[in-house]
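*Asks:* Here it is: the structure, laid out below.
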Amino acid sequence: MNRKIIKNARIITMNKKEEIIPQGNLLIENGKIIAITPQPLDAADALVTDAKGMLVMPGFINTHTHLPMTLFRGYADDLPLQTWLTQHIFPAEARWITPENVRLACRLAFIEMIKSGTTCFNDMYFFEDIIAEEARRAGIRGVMGESVIDFPTPSFRTPREGFQRCEAFIQKWQGESLIHPSVCVHAPYTCSSKTLQEGRRLADKYRTLLHIHVAETRQEVENITAQTGLSPAAYLHDLGLFDGPVVAAHCVWLNPTDIQLFARHQTGISHCPKSNLKLASGIADTTSYLKAGIPVGIGTDGTASNNSLDMVEEMRFASLLAKGTHLQAEALDAKATLQMATINGARILGIDQITGSLEVGKSADLIFIHADASNMIPVYNEYAAIVYAMNSKNIYASMVQGEWLMFNRNLCRLDKEETLREIQCLGQKIQQNRPHS
Ligand SMILES: [Zn+2]
């Protein structure tokens, strides 16, 4: 039996009762939380960690990523989405996205995510099988699937082949405790109605999440409306895409009818404020979405458009933008923001029975925050300290399924130096072979 005790922690549970235990103790057995209590715990053969001076909370859940895009961090900046995507990112992906490079690039992503407190992500990309292998090796939790799109990609030539890869991926990884397979169709502007509906059918067949980009730019809304007479959300709804669990990334441009559709179907939204700002796509009105009862999580998107995977930063942008755009300081308060970054993220991914809060029976997916740091004290309110004051360097330790991924800011399972060295070499090669514009 693998037993661990964490003692003397200020525990922010993120459970339904919104409990905070000022001096709490956790007992973890075989990766699961067995007890969470202010009473002292004692268990023979348990490894005890003293968390005095630490806030302990569920790890962050990044609800929208394309992990191997770490390779293209800073490759093309200060461009609008269509130019950025079609003239720079798609050609670079065609040239550089190989199985070996995906393996290396997602290792870099895991290092960055673990060091900034993320314990779970929701990814769509190519060669997802390799990403799953590396996630298992890194010990991090992930919801993921091969991104199906209508044109040839580095990992498949036709949508039919893409779905074959997608289905093989689901069959291979279903039942793995850290890997949660999903079906991903890229977007309504890159997939035909046939592709989109096939995505729904496959997600229904295996009861998985469906992950898609929706209403990211005004241009997308104009184009889809010109082609179909409907907004992107209404078009997808008409195709039956919302008849099951969905995470729709971005949703910057939803009209009031779209908002009702999302609320009625409880379709999840992954809010990616930094990527939307950087590509000048706009600002999603999360305050109205939450008011309508839509479940909303937070995501970083890929590092080519962000340019980081840091959920601490992302969370702060989400909160401050809502306040600034509504001219209301209470528009998105600290607690609601932290819920989006943890339990609500788990909820939209359909894994809130497993992770997202610290509760008996759930997986021990958690982080330690060094709350005695000069940029955080005094901590009058835990939520405000985390959302408004903390930076990712305050994260001291991280655990998924009861296994340490980082302790005292040292990575426990990944070789940081080797990965960084290899990425630097590859980055130089990409730079030297850049097409001249
Ligand atoms: Zn994206």
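Going by the structure tokens order, chains are called A, B, ..., each with residues numbered from 1, while ligands are numbered from 1 in the order shown.
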Based on the backbone DSSP call, show me all residues of segment 24-188 of chain A assigned strand (DSSP E), as an MDAnalysis selection string.
*Replies:* chainID A and resid 24:29 32:37 47:50 54:58 60:65 118:125 141:148 179:181 183:185
*Asks:* Among segment 94-273 of chain A, which residues carry a DSSP assignment of helix (DSSP H, G or I), reported as a PyMOL selection string?
*Replies:* chain A and resi 94-96+99-115+128-138+159-173+193-206+218-228+232-238+256-265+273
*Asks:* Name all residues at most 8 Å from Thr287 of chain A (count only C-alpha atoms; drop same-chain ones fewer than 4 positions away) and give them as number ranges by chain.
*Replies:* A: 291, 322, 331-332
*Asks:* Those residues with C-alpha atoms, as a PDB file, in the first residue's frame please?
*Replies:*
```pdb
ATOM      1  CA  LYS A 291     -24.875  34.437 -15.662  1.00  0.00           C
ATOM      2  CA  ALA A 322     -14.194  40.792 -17.117  1.00  0.00           C
ATOM      3  CA  ALA A 331     -17.895  41.000 -12.680  1.00  0.00           C
ATOM      4  CA  LEU A 332     -15.675  37.936 -12.102  1.00  0.00           C
TER       5      LEU A 332
END
```
*Asks:* Ranking A:Met124, A:Ile430, A:Leu309, A:Ala371 by minimum distance to ligand 1 and counting only C-alpha atoms and all ligand atoms, which one comes first?
*Replies:*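 For ligand 1, the nearest of the given residues is A:Met124.
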*Asks:* Pick out the closest residue to ligand 1 from this set: A:Asp238, A:Asp123, A:Glu134, A:Asp42. Count only C-alpha atoms and all ligand atoms.
*Replies:*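 Ranked by minimum distance to ligand 1, first place goes to A:Asp123.
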*Asks:* Could the residues of chain A that have an atom at most 7 Å from ligand 1 be listed as a Markdown table, each with its closest atom pair and the distance in Å to one decimal, counting only C-alpha atoms and all ligand atoms and ordered by chain and ascending residue number?
*Replies:*
```
| residue | atom | partner | partner_atom_place_in_ligand_line | distance |
| --- | --- | --- | --- | --- |
| A:His64 | CA | ligand 1 | 1 (Zn) | 6.4 |
| A:Thr65 | CA | ligand 1 | 1 (Zn) | 6.2 |
| A:His66 | CA | ligand 1 | 1 (Zn) | 6.4 |
| A:His213 | CA | ligand 1 | 1 (Zn) | 6.4 |
| A:Ala249 | CA | ligand 1 | 1 (Zn) | 6.7 |
| A:Asp301 | CA | ligand 1 | 1 (Zn) | 4.8 |
| A:Gly302 | CA | ligand 1 | 1 (Zn) | 6.1 |
```
*Asks:* Hey, can you spit out that residue selection with N, CA and C atoms as a PDB file, in the first residue's frame?
*Replies:*
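Result written to selection-v3.pdb:
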```pdb
ATOM      1  N   HIS A  64      -7.813  24.033 -22.791  1.00  0.00           N
ATOM      2  CA  HIS A  64      -7.611  24.071 -24.257  1.00  0.00           C
ATOM      3  C   HIS A  64      -6.134  24.268 -24.596  1.00  0.00           C
ATOM      4  N   THR A  65      -5.532  23.208 -25.141  1.00  0.00           N
ATOM      5  CA  THR A  65      -4.112  23.303 -25.514  1.00  0.00           C
ATOM      6  C   THR A  65      -3.839  22.601 -26.849  1.00  0.00           C
ATOM      7  N   HIS A  66      -2.700  22.968 -27.430  1.00  0.00           N
ATOM      8  CA  HIS A  66      -2.092  22.240 -28.562  1.00  0.00           C
ATOM      9  C   HIS A  66      -0.625  22.123 -28.138  1.00  0.00           C
ATOM     10  N   HIS A 213     -13.048  24.209 -31.839  1.00  0.00           N
ATOM     11  CA  HIS A 213     -12.948  25.673 -31.745  1.00  0.00           C
ATOM     12  C   HIS A 213     -14.256  26.268 -32.280  1.00  0.00           C
ATOM     13  N   ALA A 249     -13.869  25.760 -27.619  1.00  0.00           N
ATOM     14  CA  ALA A 249     -12.815  26.708 -27.249  1.00  0.00           C
ATOM     15  C   ALA A 249     -13.117  28.085 -27.830  1.00  0.00           C
ATOM     16  N   ASP A 301      -4.691  27.815 -24.817  1.00  0.00           N
ATOM     17  CA  ASP A 301      -4.475  27.628 -26.251  1.00  0.00           C
ATOM     18  C   ASP A 301      -3.002  27.252 -26.452  1.00  0.00           C
ATOM     19  N   GLY A 302      -2.546  27.163 -27.689  1.00  0.00           N
ATOM     20  CA  GLY A 302      -1.157  26.764 -27.950  1.00  0.00           C
ATOM     21  C   GLY A 302      -0.188  27.898 -27.664  1.00  0.00           C
TER      22      GLY A 302
END
```
*Asks:* List the neighbours of Thr37 of chain A out to 7 Å using only C-alpha atoms; skip same-chain residues closer than 5 positions along the sequence, and give me the result as a ChimeraX atom specification.
*Replies:* /A:24-26
*Asks:* Tell me which protein, DNA and RNA residues are within 10 Å of Thr303 of chain A, counting only C-alpha atoms, leaving out same-chain ones fewer than 3 positions away, and put them as a ChimeraX atom specification.
*Replies:* /A:65-75,109,275,300,306-310
*Asks:* Grab the residues selected above and save them as a compact mmCIF listing (two decimals), in the first residue's frame with C-alpha atoms.
*Replies:*
```txt
# COMPACT_ATOMS: atom_id res chain seq x y z
CA THR A 65 -4.11 23.30 -25.51
CA HIS A 66 -2.09 22.24 -28.56
CA LEU A 67 0.96 21.10 -26.61
CA PRO A 68 3.59 20.51 -29.34
CA MET A 69 3.16 24.12 -30.46
CA THR A 70 5.82 24.95 -27.85
CA LEU A 71 8.04 24.44 -30.89
CA PHE A 72 6.53 27.59 -32.44
CA ARG A 73 6.57 29.86 -29.41
CA GLY A 74 7.43 33.28 -30.81
CA TYR A 75 7.70 31.93 -34.38
CA ALA A 109 5.13 21.70 -22.52
CA SER A 275 -4.67 33.99 -27.07
CA THR A 300 -4.17 28.85 -22.64
CA ASN A 306 -0.19 32.92 -26.16
CA ASN A 307 2.93 32.52 -25.75
CA SER A 308 2.84 30.58 -22.49
CA LEU A 309 1.07 27.68 -20.79
CA ASP A 310 0.93 29.44 -17.43
```
*Asks:* Write out as a list in words which residues come within 9 Å of Asn30 of chain A when counting only C-alpha atoms, dropping same-chain ones fewer than 6 positions away.
*Replies:*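 Close residues of Asn30 of chain A: Met1, Asn2, Arg3, Lys4, Gln401 and Gly402 of chain A.
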*Asks:* Enter the distance from atom CA of Leu85 of chain A to atom CA of Thr190 of chain A, in Å, rounded to one decimal.
*Replies:*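 Pair atom CA of Leu85 of chain A / atom CA of Thr190 of chain A returns 11.7 Å.
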*Asks:* For each of A:Gly293, A:Pro38, A:Gly268, A:Gly53, take the minimum atom-to-atom distance to His370 of chain A, counting only C-alpha atoms, then give the residue where this is smallest.
*Replies:*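 Checking each of A:Gly293, A:Pro38, A:Gly268, A:Gly53 against His370 of chain A, counting only C-alpha atoms, the winner is A:Gly53.
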*Asks:* Would you kindly return, as an MDAnalysis selection string, each protein, DNA or RNA residue with an atom no farther than 7 Å from any atom of Thr13 of chain A, considering only C-alpha atoms and excluding same-chain residues fewer than 6 positions away?
*Replies:* chainID A and resid 19:20 57 357:359
*Asks:* Hey, which of A:Val400, A:Leu321, A:Ile6, A:Ala248 ends up closest to Gly356 of chain A? Count only C-alpha atoms.
*Replies:* A:Val400
*Asks:* Using only C-alpha atoms for the distances, tell me which of A:Asn408, A:Gln197, A:Gln171, A:Ser392 is nearest to Lys115 of chain A.
*Replies:* A:Ser392
*Asks:* Considering only C-alpha atoms, state which residue in the set A:Asn375, A:Phe242, A:His436, A:Arg409 is at the smallest distance from Ile111 of chain A.
*Replies:* A:Arg409
*Asks:* Please measure the separation of atom CA of Thr118 of chain A and atom CA of His180 of chain A, giving the value in Å to one decimal.
*Replies:*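 That distance, rounded to one decimal, is 16.1 Å.
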